[in-house]
file query02.pdb (PDB, C-alpha atoms)
ATOM      1  CA  MET A  59     -23.170  18.477 -23.537
ATOM      2  CA  ARG A  60     -21.961  21.311 -21.372
ATOM      3  CA  ARG A  61     -23.953  22.757 -18.506
ATOM      4  CA  ALA A  62     -23.653  25.749 -16.245
ATOM      5  CA  HIS A  63     -22.184  25.355 -12.755
ATOM      6  CA  ARG A  64     -24.947  24.365 -10.317
ATOM      7  CA  THR A  65     -25.622  26.868  -7.572
ATOM      8  CA  GLN A  66     -29.292  26.754  -6.700
ATOM      9  CA  ARG A  67     -30.837  23.548  -8.043
ATOM     10  CA  ILE A  68     -33.381  21.497  -6.078
ATOM     11  CA  ASP A  69     -34.150  17.924  -7.120
ATOM     12  CA  ARG A  70     -37.833  17.068  -7.094
ATOM     13  CA  THR A  71     -37.507  13.426  -8.146
ATOM     14  CA  HIS A  72     -34.541  11.968  -6.248
ATOM     15  CA  ARG A  73     -34.793  13.903  -2.948
ATOM     16  CA  VAL A  74     -31.491  15.535  -3.842
ATOM     17  CA  HIS A  75     -30.809  19.005  -2.469
ATOM     18  CA  ARG A  76     -27.699  20.994  -3.260
ATOM     19  CA  THR A  77     -26.215  22.338  -0.024
ATOM     20  CA  VAL A  78     -26.516  25.972  -1.085
ATOM     21  CA  ALA A  79     -30.075  25.691  -2.325
ATOM     22  CA  SER A  80     -31.701  27.476   0.581
ATOM     23  CA  ALA A  81     -30.594  31.094   0.629
ATOM     24  CA  GLY A  82     -32.552  31.679   3.801
ATOM     25  CA  GLY A  83     -31.364  28.525   5.540
ATOM     26  CA  LEU A  84     -28.033  26.736   5.390
ATOM     27  CA  LEU A  85     -26.140  29.260   3.296
ATOM     28  CA  LEU A  86     -27.399  32.140   5.396
ATOM     29  CA  ALA A  87     -26.385  30.309   8.551
ATOM     30  CA  THR A  88     -22.985  29.527   7.042
ATOM     31  CA  ALA A  89     -22.433  33.143   6.155
ATOM     32  CA  LEU A  90     -23.298  34.220   9.679
ATOM     33  CA  ALA A  91     -20.135  32.483  10.824
ATOM     34  CA  CYS A  92     -17.911  35.065   9.156
ATOM     35  CA  THR A  93     -19.478  38.480   9.497
ATOM     36  CA  GLY A  94     -16.167  39.890  10.624
ATOM     37  CA  THR A  95     -17.897  42.448  12.808
ATOM     38  CA  ALA A  96     -15.509  41.755  15.663
ATOM     39  CA  TYR A  97     -12.530  42.524  13.453
ATOM     40  CA  ALA A  98     -13.305  45.884  11.886
ATOM     41  CA  ALA A  99     -10.304  47.946  10.803
ATOM     42  CA  PRO A 100      -9.487  50.924  13.019
ATOM     43  CA  ALA A 101     -11.011  54.250  11.982
ATOM     44  CA  GLY A 102      -9.062  55.860   9.189
ATOM     45  CA  VAL A 103      -7.393  52.639   8.039
ATOM     46  CA  PRO A 104      -8.432  51.830   4.448
ATOM     47  CA  ALA A 105      -9.330  48.368   3.239
ATOM     48  CA  THR A 106      -6.438  46.306   1.941
ATOM     49  CA  SER A 107      -5.206  47.811  -1.340
ATOM     50  CA  THR A 108      -4.265  45.942  -4.475
ATOM     51  CA  ALA A 109      -0.643  46.934  -3.987
ATOM     52  CA  GLY A 110      -0.801  45.725  -0.404
ATOM     53  CA  ALA A 111      -2.327  42.447  -1.551
ATOM     54  CA  SER A 112       0.518  41.945  -4.026
ATOM     55  CA  ALA A 113       3.037  42.471  -1.254
ATOM     56  CA  ALA A 114       1.097  40.150   1.033
ATOM     57  CA  ALA A 115       1.053  37.427  -1.622
ATOM     58  CA  ALA A 116       4.832  37.263  -1.470
ATOM     59  CA  ASP A 117       4.606  36.814   2.319
ATOM     60  CA  CYS A 118       1.843  34.210   2.197
ATOM     61  CA  ARG A 119       3.625  30.898   2.580
ATOM     62  CA  ALA A 120       4.368  28.267   5.179
ATOM     63  CA  LEU A 121       6.768  30.058   7.524
ATOM     64  CA  THR A 122       7.953  26.958   9.364
ATOM     65  CA  GLY A 123       8.387  23.338   8.361
ATOM     66  CA  ALA A 124       5.289  21.231   7.751
ATOM     67  CA  PRO A 125       4.336  17.978   5.962
ATOM     68  CA  ALA A 126       3.665  18.171   2.233
ATOM     69  CA  GLN A 127      -0.110  17.953   2.667
ATOM     70  CA  ALA A 128      -0.117  20.847   5.149
ATOM     71  CA  GLN A 129       2.076  22.860   2.789
ATOM     72  CA  ALA A 130      -0.428  22.219  -0.001
ATOM     73  CA  ILE A 131      -3.299  23.525   2.153
ATOM     74  CA  VAL A 132      -1.323  26.711   2.821
ATOM     75  CA  ASN A 133      -0.447  27.087  -0.859
ATOM     76  CA  ALA A 134      -4.098  26.782  -1.883
ATOM     77  CA  ALA A 135      -5.191  29.419   0.642
ATOM     78  CA  CYS A 136      -2.356  31.745  -0.358
ATOM     79  CA  SER A 137      -3.305  31.435  -4.034
ATOM     80  CA  GLN A 138      -6.400  33.514  -3.186
ATOM     81  CA  ILE A 139      -4.549  36.494  -1.688
ATOM     82  CA  GLY A 140      -6.139  39.685  -3.012
ATOM     83  CA  VAL A 141      -9.555  38.099  -3.682
ATOM     84  CA  PRO A 142     -12.342  40.153  -2.060
ATOM     85  CA  TYR A 143     -14.195  39.079   1.043
ATOM     86  CA  SER A 144     -17.833  38.315   0.202
ATOM     87  CA  TRP A 145     -20.352  37.338   2.873
ATOM     88  CA  GLY A 146     -21.489  33.794   2.042
ATOM     89  CA  GLY A 147     -19.210  33.708  -1.011
ATOM     90  CA  GLY A 148     -16.897  30.980  -2.220
ATOM     91  CA  SER A 149     -16.900  27.237  -2.890
ATOM     92  CA  ILE A 150     -14.434  24.387  -3.293
ATOM     93  CA  HIS A 151     -13.934  25.638  -6.863
ATOM     94  CA  GLY A 152     -13.090  29.257  -6.050
ATOM     95  CA  PRO A 153     -14.725  32.645  -5.462
ATOM     96  CA  THR A 154     -18.460  33.145  -6.000
ATOM     97  CA  TYR A 155     -20.887  36.005  -5.486
ATOM     98  CA  GLY A 156     -22.023  36.243  -1.879
ATOM     99  CA  GLN A 157     -25.096  37.653  -0.165
ATOM    100  CA  ASP A 158     -25.968  41.109   1.057
ATOM    101  CA  TYR A 159     -25.207  41.297   4.762
ATOM    102  CA  PRO A 160     -28.536  42.112   6.473
ATOM    103  CA  GLY A 161     -26.773  44.249   9.065
ATOM    104  CA  GLY A 162     -25.752  46.725   6.368
ATOM    105  CA  GLY A 163     -22.326  48.327   6.426
ATOM    106  CA  PRO A 164     -19.571  47.270   4.004
ATOM    107  CA  GLY A 165     -21.291  43.933   3.356
ATOM    108  CA  ALA A 166     -24.618  45.431   2.288
ATOM    109  CA  HIS A 167     -23.809  44.787  -1.393
ATOM    110  CA  ASP A 168     -21.831  41.545  -1.178
ATOM    111  CA  SER A 169     -24.227  39.897  -3.648
ATOM    112  CA  GLN A 170     -22.303  41.986  -6.204
ATOM    113  CA  VAL A 171     -18.889  40.953  -4.859
ATOM    114  CA  ARG A 172     -17.219  37.771  -6.099
ATOM    115  CA  GLY A 173     -15.051  36.355  -3.346
ATOM    116  CA  PHE A 174     -14.848  34.247  -0.174
ATOM    117  CA  ASP A 175     -16.044  34.373   3.376
ATOM    118  CA  CYS A 176     -13.832  32.820   6.047
ATOM    119  CA  SER A 177     -15.234  29.296   6.102
ATOM    120  CA  HIS A 178     -15.392  28.957   2.325
ATOM    121  CA  LEU A 179     -11.766  30.050   1.971
ATOM    122  CA  VAL A 180     -10.812  27.314   4.433
ATOM    123  CA  GLN A 181     -13.041  24.810   2.641
ATOM    124  CA  TYR A 182     -11.423  25.745  -0.694
ATOM    125  CA  ALA A 183      -7.886  25.403   0.717
ATOM    126  CA  ALA A 184      -8.578  21.992   2.262
ATOM    127  CA  TRP A 185     -10.150  20.624  -0.924
ATOM    128  CA  GLN A 186      -7.832  22.114  -3.526
ATOM    129  CA  GLY A 187      -4.706  21.555  -1.461
ATOM    130  CA  ALA A 188      -5.304  18.129  -0.002
ATOM    131  CA  GLY A 189      -8.583  16.681  -1.298
ATOM    132  CA  ILE A 190     -10.059  17.036   2.199
ATOM    133  CA  SER A 191     -13.805  17.657   2.276
ATOM    134  CA  LEU A 192     -14.772  20.001   5.121
ATOM    135  CA  PRO A 193     -18.382  20.787   6.054
ATOM    136  CA  GLU A 194     -20.095  24.135   5.560
ATOM    137  CA  GLY A 195     -19.870  26.727   8.329
ATOM    138  CA  SER A 196     -16.987  27.674  10.596
ATOM    139  CA  TRP A 197     -18.663  26.146  13.672
ATOM    140  CA  ASN A 198     -19.114  22.848  11.825
ATOM    141  CA  GLN A 199     -15.524  22.962  10.638
ATOM    142  CA  ALA A 200     -14.390  23.614  14.218
ATOM    143  CA  GLN A 201     -16.136  20.413  15.333
ATOM    144  CA  TRP A 202     -15.171  18.313  12.311
ATOM    145  CA  SER A 203     -14.768  14.682  13.328
ATOM    146  CA  GLY A 204     -11.929  14.105  10.860
ATOM    147  CA  ALA A 205      -9.469  16.388  12.670
ATOM    148  CA  THR A 206      -6.154  14.644  13.330
ATOM    149  CA  ALA A 207      -5.253  16.851  16.326
ATOM    150  CA  ARG A 208      -6.860  19.555  18.452
ATOM    151  CA  PHE A 209      -5.327  22.407  20.413
ATOM    152  CA  SER A 210      -6.998  24.394  23.156
ATOM    153  CA  ARG A 211      -6.796  28.087  23.832
ATOM    154  CA  ALA A 212      -4.369  27.286  26.652
ATOM    155  CA  ASP A 213      -1.971  25.522  24.251
ATOM    156  CA  GLY A 214      -1.261  28.801  22.475
ATOM    157  CA  LEU A 215       0.554  28.746  19.124
ATOM    158  CA  ALA A 216       3.656  26.766  20.093
ATOM    159  CA  PRO A 217       2.388  23.299  19.038
ATOM    160  CA  LEU A 218       0.823  24.482  15.769
ATOM    161  CA  GLN A 219       2.125  23.865  12.252
ATOM    162  CA  PRO A 220       1.303  25.615   8.967
ATOM    163  CA  GLY A 221      -2.026  24.429   7.582
ATOM    164  CA  ASP A 222      -3.712  24.158  10.978
ATOM    165  CA  LEU A 223      -7.055  25.947  11.307
ATOM    166  CA  LEU A 224      -7.393  28.748  13.860
ATOM    167  CA  LEU A 225     -10.742  29.406  15.567
ATOM    168  CA  TRP A 226     -12.559  32.313  17.216
ATOM    169  CA  GLY A 227     -15.892  32.121  19.029
ATOM    170  CA  THR A 228     -18.109  34.227  21.236
ATOM    171  CA  ASN A 229     -17.557  31.564  23.918
ATOM    172  CA  PRO A 230     -14.131  29.958  23.343
ATOM    173  CA  ALA A 231     -15.126  26.978  25.492
ATOM    174  CA  ASN A 232     -18.026  26.185  23.135
ATOM    175  CA  LEU A 233     -16.992  25.287  19.574
ATOM    176  CA  ASN A 234     -20.598  25.723  18.466
ATOM    177  CA  SER A 235     -20.050  29.480  18.968
ATOM    178  CA  VAL A 236     -17.136  29.657  16.496
ATOM    179  CA  HIS A 237     -17.732  32.469  14.010
ATOM    180  CA  HIS A 238     -14.321  32.914  12.367
ATOM    181  CA  ILE A 239     -11.690  30.535  11.010
ATOM    182  CA  ALA A 240      -8.313  31.017   9.313
ATOM    183  CA  VAL A 241      -5.286  29.052   8.075
ATOM    184  CA  TYR A 242      -2.100  29.208  10.135
ATOM    185  CA  LEU A 243       1.169  30.043   8.343
ATOM    186  CA  GLY A 244       3.570  29.738  11.281
ATOM    187  CA  ASN A 245       5.510  32.354  13.280
ATOM    188  CA  GLY A 246       2.285  33.960  14.525
ATOM    189  CA  LYS A 247       0.900  34.669  11.030
ATOM    190  CA  MET A 248      -2.234  33.463   9.271
ATOM    191  CA  VAL A 249      -4.122  33.887   5.997
ATOM    192  CA  GLU A 250      -7.799  34.778   6.280
ATOM    193  CA  ALA A 251     -10.908  36.133   4.620
ATOM    194  CA  ARG A 252     -11.567  38.664   7.358
ATOM    195  CA  GLU A 253     -14.571  40.896   6.683
ATOM    196  CA  SER A 254     -16.513  42.744   4.005
ATOM    197  CA  GLY A 255     -14.568  45.552   2.378
ATOM    198  CA  THR A 256     -11.202  43.773   2.660
ATOM    199  CA  LEU A 257      -9.278  41.270   0.562
ATOM    200  CA  VAL A 258      -7.991  37.832   1.500
ATOM    201  CA  MET A 259      -4.905  38.773   3.511
ATOM    202  CA  VAL A 260      -2.011  37.735   5.717
ATOM    203  CA  SER A 261      -2.564  38.855   9.326
ATOM    204  CA  ASP A 262      -1.069  38.486  12.763
ATOM    205  CA  VAL A 263      -2.903  35.814  14.750
ATOM    206  CA  ARG A 264      -5.279  37.590  17.141
ATOM    207  CA  MET A 265      -4.793  36.013  20.565
ATOM    208  CA  ASN A 266      -7.750  37.923  21.949
ATOM    209  CA  ALA A 267     -10.520  36.921  24.342
ATOM    210  CA  GLU A 268     -12.375  35.053  21.591
ATOM    211  CA  TYR A 269      -9.484  32.849  20.420
ATOM    212  CA  ALA A 270     -10.792  29.278  20.750
ATOM    213  CA  GLY A 271      -7.816  27.141  19.765
ATOM    214  CA  ALA A 272      -7.053  25.249  16.579
ATOM    215  CA  LEU A 273      -7.406  21.938  14.786
ATOM    216  CA  ARG A 274      -5.174  20.005  12.426
ATOM    217  CA  ILE A 275      -6.635  18.576   9.237
ATOM    218  CA  ALA A 276      -3.415  17.471   7.506
ATOM    219  CA  GLY A 277      -3.216  13.696   7.418
ATOM    220  CA  ALA A 278      -6.990  13.298   7.451
ATOM    221  CA  GLY A 279      -8.709  10.844   5.167
ATOM    222  CA  GLU A 280      -7.450   8.623   2.381
ATOM    223  CA  GLN A 281      -5.587  10.072  -0.548
ATOM    224  CA  PRO A 282      -6.942   9.374  -4.051
ATOM    225  CA  PRO A 283      -5.808   5.970  -5.359
ATOM    226  CA  ALA A 284      -3.474   5.934  -8.347
ATOM    227  CA  ASN A 285      -5.135   6.633 -11.699
ATOM    228  CA  THR A 286      -8.165   8.342 -10.155
ATOM    229  CA  LYS A 287      -9.237  11.954  -9.756
ATOM    230  CA  ARG A 288     -11.148  13.255  -6.730
ATOM    231  CA  PHE A 289     -14.409  15.175  -7.030
ATOM    232  CA  MET A 290     -17.251  16.168  -4.709
ATOM    233  CA  THR A 291     -20.795  15.017  -5.269
ATOM    234  CA  TRP A 292     -23.755  17.147  -4.306
ATOM    235  CA  GLY A 293     -27.166  16.372  -2.910
ATOM    236  CA  THR A 294     -28.564  13.659  -0.658
ATOM    237  CA  GLY A 295     -29.702  10.141  -1.460
ATOM    238  CA  VAL A 296     -27.794  10.013  -4.757
ATOM    239  CA  SER A 297     -28.039   6.568  -6.356
ATOM    240  CA  LEU A 298     -25.028   4.460  -7.337
ATOM    241  CA  ARG A 299     -25.753   2.021 -10.163
ATOM    242  CA  PRO A 300     -24.243  -1.299 -11.302
ATOM    243  CA  ASP A 301     -24.215  -0.001 -14.897
ATOM    244  CA  PRO A 302     -24.160   3.457 -16.485
ATOM    245  CA  SER A 303     -27.964   3.478 -16.593
ATOM    246  CA  THR A 304     -31.032   3.571 -14.347
ATOM    247  CA  VAL A 305     -32.435   0.260 -15.601
ATOM    248  CA  ARG A 306     -31.126  -1.898 -12.749
ATOM    249  CA  PRO A 307     -31.735  -1.107  -9.056
ATOM    250  CA  PRO A 308     -29.136   0.967  -7.201
ATOM    251  CA  VAL A 309     -26.316  -0.858  -5.449
ATOM    252  CA  GLY A 310     -25.996   1.939  -2.919
ATOM    253  CA  THR A 311     -26.588   5.617  -2.234
ATOM    254  CA  LEU A 312     -24.541   8.594  -1.126
ATOM    255  CA  PRO A 313     -26.509  10.083   1.784
ATOM    256  CA  ARG A 314     -24.859  13.505   1.562
ATOM    257  CA  PRO A 315     -22.228  15.411  -0.456
ATOM    258  CA  THR A 316     -19.272  13.058  -0.572
ATOM    259  CA  ALA A 317     -15.705  13.051  -1.884
ATOM    260  CA  VAL A 318     -15.445  10.359  -4.581
ATOM    261  CA  ASP A 319     -12.517   9.090  -6.634
ATOM    262  CA  VAL A 320     -13.359   8.717 -10.320
ATOM    263  CA  GLN A 321     -11.403   6.230 -12.422
ATOM    264  CA  CYS A 322     -12.992   6.826 -15.828
ATOM    265  CA  GLN A 323     -16.165   8.009 -17.542
ATOM    266  CA  THR A 324     -18.346   6.852 -20.395
ATOM    267  CA  HIS A 325     -21.474   7.721 -22.345
ATOM    268  CA  GLY A 326     -24.447   5.737 -21.091
ATOM    269  CA  GLU A 327     -28.157   6.273 -20.574
ATOM    270  CA  LEU A 328     -29.366   9.833 -21.125
ATOM    271  CA  VAL A 329     -30.477  11.148 -17.728
ATOM    272  CA  ARG A 330     -32.820  14.078 -17.103
ATOM    273  CA  ALA A 331     -32.596  15.417 -13.539
ATOM    274  CA  GLU A 332     -32.015  18.650 -11.628
ATOM    275  CA  GLY A 333     -32.899  20.624 -14.754
ATOM    276  CA  TYR A 334     -30.018  19.027 -16.697
ATOM    277  CA  VAL A 335     -29.762  16.422 -19.439
ATOM    278  CA  ASN A 336     -26.576  14.396 -19.615
ATOM    279  CA  ASP A 337     -25.488  10.942 -20.789
ATOM    280  CA  ALA A 338     -22.105  10.981 -19.020
ATOM    281  CA  TRP A 339     -21.461   8.509 -16.201
ATOM    282  CA  SER A 340     -18.424   8.071 -13.945
ATOM    283  CA  TYR A 341     -17.054   4.836 -12.516
ATOM    284  CA  LEU A 342     -16.215   4.845  -8.791
ATOM    285  CA  PRO A 343     -13.857   1.928  -8.012
ATOM    286  CA  LYS A 344     -14.320   2.266  -4.247
ATOM    287  CA  TYR A 345     -18.008   1.396  -4.670
ATOM    288  CA  ASN A 346     -17.657  -0.733  -7.825
ATOM    289  CA  ALA A 347     -20.511   1.384  -9.139
ATOM    290  CA  TRP A 348     -21.480   4.196 -11.499
ATOM    291  CA  ILE A 349     -22.833   7.684 -10.837
ATOM    292  CA  SER A 350     -24.455  10.108 -13.272
ATOM    293  CA  ASN A 351     -22.151  13.075 -13.876
ATOM    294  CA  ILE A 352     -25.125  15.323 -13.114
ATOM    295  CA  TYR A 353     -24.371  14.665  -9.442
ATOM    296  CA  ILE A 354     -20.639  15.400  -9.694
ATOM    297  CA  ASP A 355     -19.949  18.933  -8.453
ATOM    298  CA  ASP A 356     -18.014  20.286 -11.418
ATOM    299  CA  PRO A 357     -18.901  22.948 -14.001
ATOM    300  CA  ALA A 358     -18.264  20.529 -16.869
ATOM    301  CA  ALA A 359     -20.655  17.774 -17.860
ATOM    302  CA  TRP A 360     -17.750  15.699 -19.213
ATOM    303  CA  LEU A 361     -15.229  15.730 -16.353
ATOM    304  CA  PRO A 362     -11.851  17.289 -17.130
ATOM    305  CA  GLY A 363      -8.779  15.113 -16.742
ATOM    306  CA  VAL A 364     -10.767  11.860 -16.499
ATOM    307  CA  PRO A 365     -10.141   9.251 -19.227
ATOM    308  CA  ASN A 366     -12.770   7.312 -21.124
ATOM    309  CA  CYS A 367     -13.612   3.881 -19.760
TER     310      CYS A 367
END
call {"tool": "encode", "arguments": {"input": "query02.pdb", "output": "C-alpha cells"}}
result
Amino acid sequence: MRRAHRTQRIDRTHRVHRTVASAGGLLLATALACTGTAYAAPAGVPATSTAGASAAAADCRALTGAPAQAQAIVNAACSQIGVPYSWGGGSIHGPTYGQDYPGGGPGAHDSQVRGFDCSHLVQYAAWQGAGISLPEGSWNQAQWSGATARFSRADGLAPLQPGDLLLWGTNPANLNSVHHIAVYLGNGKMVEARESGTLVMVSDVRMNAEYAGALRIAGAGEQPPANTKRFMTWGTGVSLRPDPSTVRPPVGTLPRPTAVDVQCQTHGELVRAEGYVNDAWSYLPKYNAWISNIYIDDPAAWLPGVPNC
C-alpha cells in the first residue's frame, strides 16, 4: 500500500504529533527564523535569475579541504542551488510549499512557492549529506548539543572548514536570537536560502554586526551500521515492539522524532493510525525491536532500498 507524504497529521490514539502539524505554532516559529528581512537586495537589483543560479551551481562546492562528511554536507546543500526561497518551506526530503509571510512583501504568497527557508536547507543538507538529524529552527540549530566544535564572532572565519554552519542573530551574544543560518564553503563564501523572492545561492559571508559565529556538525553522531539504511521517525511516544504487531507490550518508545537505522522490513499486523493503514514493519537492530512503517518519515509505505527480513 502506498500513502501520501505526511505533512499535517495529528495522532489521536498514540499521542503522536508530527512536528509540522501546528501551522500557527512550531512551524510558524521555525519560519520566523529566516524572514530574510535584514538581507534585502539593494534597490534595483533583481532576484537571482535562472541563468545566475546555473552559474552559481558551478561555483557551489567546498573551496578548501574538508573531511568527507563535511564535503557531503556541502554537496547536499549545493544540490539545491536555484531552488526558490519559501518561508517555512523545506524538509529533510527536499523543497516543500511554505507559508505566506504575514509581513507581506515578496513572501506574501510563499504558500504557492515550493522551496526552502534557511533552517530547512541546513536541515536537508545535514540529513542528506551526513545522516545528521538537526532540530527545527535556526535558533535551535545554533544551540544544538551535538555540535563537535563552536566558533565565536571573535574567531572570524580563519578556523572554519566547509560544512560548518554560519549564524546571524539580533544579539550575537545570545544564540536564542539567531534568525539566519547558512553552510560555509570556504574562502569567505557560503550557500544559503536567503529571503523570499530569491533562489538558493552562493554568497559572500556577511561579517556584519549580527554575525554570531559558527558551529561544526561534521563528525557528530554515529554513522549507520553496515547493511542498514537511516531514516527519521516522526511524532512523540512512538512504540517499539518485540514483534511486527501490537499484540505484545512495547519494549520501548521513541520520545521524539529520531534517526533510526533500519536493517530490513516485513509484512506484519495491519495497523490503522494517523489516518493511514499499513502492514509494513521495520526492524531496528539498535533497539532489537520493530516499528510500524507508518511512523517512518518517508513518502513510501514500503521503504525504498530496504530488503525483506
call {"tool": "atom_distance", "arguments": {"input": "query02.pdb", "atom1": "atom CA of A:Ala120", "atom2": "atom CA of A:Val263"}}
result
14.2 Å
call {"tool": "residues_near_point", "arguments": {"input": "query02.pdb", "point": "(-14.9, 15.5, -2.1)", "cutoff": "10 Å", "atoms": "all atoms listed in the file", "output": "compact mmCIF listing (two decimals) with C-alpha atoms, in the coordinates of the input"}}
result
# COMPACT_ATOMS: atom_id res chain seq x y z
CA ILE A 150 -14.43 24.39 -3.29
CA TRP A 185 -10.15 20.62 -0.92
CA GLN A 186 -7.83 22.11 -3.53
CA GLY A 189 -8.58 16.68 -1.30
CA ILE A 190 -10.06 17.04 2.20
CA SER A 191 -13.80 17.66 2.28
CA LEU A 192 -14.77 20.00 5.12
CA ARG A 288 -11.15 13.26 -6.73
CA PHE A 289 -14.41 15.18 -7.03
CA MET A 290 -17.25 16.17 -4.71
CA THR A 291 -20.80 15.02 -5.27
CA TRP A 292 -23.76 17.15 -4.31
CA PRO A 315 -22.23 15.41 -0.46
CA THR A 316 -19.27 13.06 -0.57
CA ALA A 317 -15.70 13.05 -1.88
CA VAL A 318 -15.44 10.36 -4.58
CA ASP A 319 -12.52 9.09 -6.63
CA ILE A 354 -20.64 15.40 -9.69
CA ASP A 355 -19.95 18.93 -8.45
call {"tool": "resolve_selection", "arguments": {"input": "query02.pdb", "expression": "the PyMOL selection byres ((chain A and resi 128) around 12)", "output": "PyMOL selection string"}}
result
chain A and resi 119-127+129-135+183-190+206+218-223+241-244+274-278
call {"tool": "axis_aligned_box", "arguments": {"input": "query02.pdb", "around": "stretch 154-167 of chain A", "padding_each_side": "6 Å", "output": "AutoDock Vina command-line options"}}
result
--center_x -23.5 --center_y 40.7 --center_z 1.5 --size_x 22.1 --size_y 27.2 --size_z 27.1
call {"tool": "atom_distance", "arguments": {"input": "query02.pdb", "atom1": "atom CA of A:Leu273", "atom2": "atom CA of A:Ala240"}}
result
10.6 Å
call {"tool": "resolve_selection", "arguments": {"input": "query02.pdb", "expression": "the PyMOL selection byres ((chain A and resi 138) around 10)", "output": "list in words"}}
result
Ala111, Ala115, Cys118, Asn133, Ala134, Ala135, Cys136, Ser137, Ile139, Gly140, Val141, Pro142, Gly152, Pro153, Gly173, Phe174, Leu179, Tyr182, Ala183, Val249, Glu250, Ala251, Leu257, Val258 and Met259 of chain A
call {"tool": "atom_distance", "arguments": {"input": "query02.pdb", "atom1": "atom CA of A:Pro302", "atom2": "atom CA of A:Ile349"}}
result
7.2 Å
call {"tool": "closest_residue", "arguments": {"input": "query02.pdb", "among": "A:Ala231, A:Asp301, A:Asp175, A:Gly293", "to": "A:Arg314", "atoms": "only C-alpha atoms"}}
result
A:Gly293
call {"tool": "closest_residue", "arguments": {"input": "query02.pdb", "among": "A:Gly279, A:Ala212, A:Ser169, A:Tyr353", "to": "A:Arg330", "atoms": "only C-alpha atoms"}}
result
A:Tyr353
call {"tool": "closest_residue", "arguments": {"input": "query02.pdb", "among": "A:Ser210, A:Thr154, A:Asn245, A:Thr304", "to": "A:Ala272", "atoms": "only C-alpha atoms"}}
result
A:Ser210
call {"tool": "residues_around", "arguments": {"input": "query02.pdb", "residues": "stretch 363-367 of chain A", "least_positions_apart": "5", "cutoff": "10 Å", "atoms": "only C-alpha atoms", "output": "list in words"}}
result
Asn285, Thr286, Lys287, Arg288, Val320, Gln321, Cys322, Gln323, Thr324, His325, Trp339, Ser340 and Tyr341 of chain A
call {"tool": "write_last_selection", "arguments": {"input": "query02.pdb", "atoms": "C-alpha atoms", "output": "PDB file, in the coordinates of the input"}}
result
ATOM      1  CA  ASN A 285      -5.135   6.633 -11.699  1.00  0.00           C
ATOM      2  CA  THR A 286      -8.165   8.342 -10.155  1.00  0.00           C
ATOM      3  CA  LYS A 287      -9.237  11.954  -9.756  1.00  0.00           C
ATOM      4  CA  ARG A 288     -11.148  13.255  -6.730  1.00  0.00           C
ATOM      5  CA  VAL A 320     -13.359   8.717 -10.320  1.00  0.00           C
ATOM      6  CA  GLN A 321     -11.403   6.230 -12.422  1.00  0.00           C
ATOM      7  CA  CYS A 322     -12.992   6.826 -15.828  1.00  0.00           C
ATOM      8  CA  GLN A 323     -16.165   8.009 -17.542  1.00  0.00           C
ATOM      9  CA  THR A 324     -18.346   6.852 -20.395  1.00  0.00           C
ATOM     10  CA  HIS A 325     -21.474   7.721 -22.345  1.00  0.00           C
ATOM     11  CA  TRP A 339     -21.461   8.509 -16.201  1.00  0.00           C
ATOM     12  CA  SER A 340     -18.424   8.071 -13.945  1.00  0.00           C
ATOM     13  CA  TYR A 341     -17.054   4.836 -12.516  1.00  0.00           C
TER      14      TYR A 341
END
call {"tool": "closest_residue", "arguments": {"input": "query02.pdb", "among": "A:Gly271, A:Gly147, A:Gly326, A:Gly227", "to": "A:Val305", "atoms": "all atoms listed in the file"}}
result
A:Gly326
call {"tool": "resolve_selection", "arguments": {"input": "query02.pdb", "expression": "the PyMOL selection byres ((chain A and resi 157-167) around 6)", "output": "list in words"}}
result
Trp145, Gly146, Gly156, Asp168, Ser169, Gln170, Ser254 and Gly255 of chain A
call {"tool": "closest_residue", "arguments": {"input": "query02.pdb", "among": "A:Tyr143, A:Tyr155, A:Tyr345, A:Trp360", "to": "A:Thr256", "atoms": "only C-alpha atoms"}}
result
A:Tyr143
call {"tool": "closest_residue", "arguments": {"input": "query02.pdb", "among": "A:Lys344, A:His151, A:His237, A:Lys247", "to": "A:Glu268", "atoms": "all atoms listed in the file"}}
result
A:His237
call {"tool": "build_atoms", "arguments": {"input": "query02.pdb", "residues": "stretch 339-346 of chain A", "atoms": "N, CA, C and O atoms", "output": "short mmCIF file (atom, residue, chain, number, x, y, z; two decimals), in the coordinates of the input"}}
result
data_model
loop_
_atom_site.label_atom_id
_atom_site.label_comp_id
_atom_site.auth_asym_id
_atom_site.auth_seq_id
_atom_site.Cartn_x
_atom_site.Cartn_y
_atom_site.Cartn_z
N TRP A 339 -21.48 9.25 -17.46
CA TRP A 339 -21.46 8.51 -16.20
C TRP A 339 -20.01 8.28 -15.79
O TRP A 339 -19.14 8.09 -16.63
N SER A 340 -19.77 8.29 -14.47
CA SER A 340 -18.42 8.07 -13.94
C SER A 340 -18.38 6.79 -13.12
O SER A 340 -19.32 6.47 -12.38
N TYR A 341 -17.24 6.07 -13.27
CA TYR A 341 -17.05 4.84 -12.52
C TYR A 341 -16.28 5.13 -11.24
O TYR A 341 -15.21 5.76 -11.27
N LEU A 342 -16.81 4.65 -10.11
CA LEU A 342 -16.22 4.84 -8.79
C LEU A 342 -15.69 3.50 -8.30
O LEU A 342 -16.47 2.66 -7.81
N PRO A 343 -14.38 3.25 -8.39
CA PRO A 343 -13.86 1.93 -8.01
C PRO A 343 -14.08 1.57 -6.55
O PRO A 343 -14.24 0.39 -6.22
N LYS A 344 -14.10 2.56 -5.66
CA LYS A 344 -14.32 2.27 -4.25
C LYS A 344 -15.66 1.57 -4.02
O LYS A 344 -15.80 0.71 -3.14
N TYR A 345 -16.67 1.94 -4.82
CA TYR A 345 -18.01 1.40 -4.67
C TYR A 345 -18.32 0.34 -5.73
O TYR A 345 -19.39 -0.27 -5.68
N ASN A 346 -17.40 0.16 -6.69
CA ASN A 346 -17.66 -0.73 -7.82
C ASN A 346 -19.01 -0.39 -8.44
O ASN A 346 -19.87 -1.26 -8.66
#
